[in-house]
Amino acid sequence: MGVIFIQQLKMESNHIEEERYYRAQKRVEEIKQFYQHLTVYLLCNPIVIAVNLMTSPEFLYFWWSLLGWGMAVVLHGLKVFNFGLFFNKEWEDKKLKEFMEKEKPTTNKWE
């Protein structure tokens, strides 16, 4: 009986470690995607500025790209680094638990 209990504890421990690894892996991927987004922003906007200044310097439309895309990068960073005002990590965890509770099968449907 004790051996089975120890094996179950080891299995639970392995499952918890796998879960932690999965969450860490997901987090690293989110951060990597943010830095890729930031890099593309920083590399593309100087090109937009140069093209704007060479083709129509009387109308500086590059500001729209800098501001619009810049806001998207800032919002992306806020989400990735958990500074979100509305849909932050706590909200996400709460919703996940809520949906999991809804989907949890009842143990005895006839009671």
# chains A, B, ... in the order shown; residues from 1 in each chain; ligands from 1
$ residues_around --residues "region 71-85 of chain A" --least-positions-apart "6" --cutoff "7 Å" --atoms "only C-alpha atoms" --output "compact mmCIF listing (two decimals) with N, CA, C and O atoms, in the first residue's frame"
# COMPACT_ATOMS: atom_id res chain seq x y z
N GLU A 30 6.19 34.25 -25.18
CA GLU A 30 5.50 35.55 -25.20
C GLU A 30 6.51 36.70 -25.16
O GLU A 30 6.37 37.68 -25.90
N ILE A 31 7.52 36.58 -24.31
CA ILE A 31 8.53 37.63 -24.20
C ILE A 31 9.33 37.73 -25.50
O ILE A 31 9.60 38.83 -25.99
N PHE A 34 7.37 39.56 -28.08
CA PHE A 34 7.36 41.00 -27.85
C PHE A 34 8.64 41.64 -28.38
O PHE A 34 8.61 42.67 -29.05
N HIS A 37 8.61 41.91 -32.06
CA HIS A 37 7.73 43.01 -32.45
C HIS A 37 8.45 44.34 -32.30
O HIS A 37 8.43 45.19 -33.21
N LEU A 38 9.10 44.54 -31.17
CA LEU A 38 9.84 45.78 -30.92
C LEU A 38 10.97 45.96 -31.93
O LEU A 38 11.19 47.06 -32.45
$ atom_distance --atom1 "CA of Gln25 (chain A)" --atom2 "CA of Glu12 (chain A)"
19.8 Å
$ atom_distance --atom1 "CA of Arg20 (chain A)" --atom2 "CA of Lys89 (chain A)"
15.7 Å
$ select_by_dssp --residues "chain A" --states "helix (DSSP H, G or I)" --output "MDAnalysis selection string"
chainID A and resid 2:55 62:80 89:103
$ atom_distance --atom1 "CA of Ser13 (chain A)" --atom2 "CA of Pro105 (chain A)"
24.0 Å
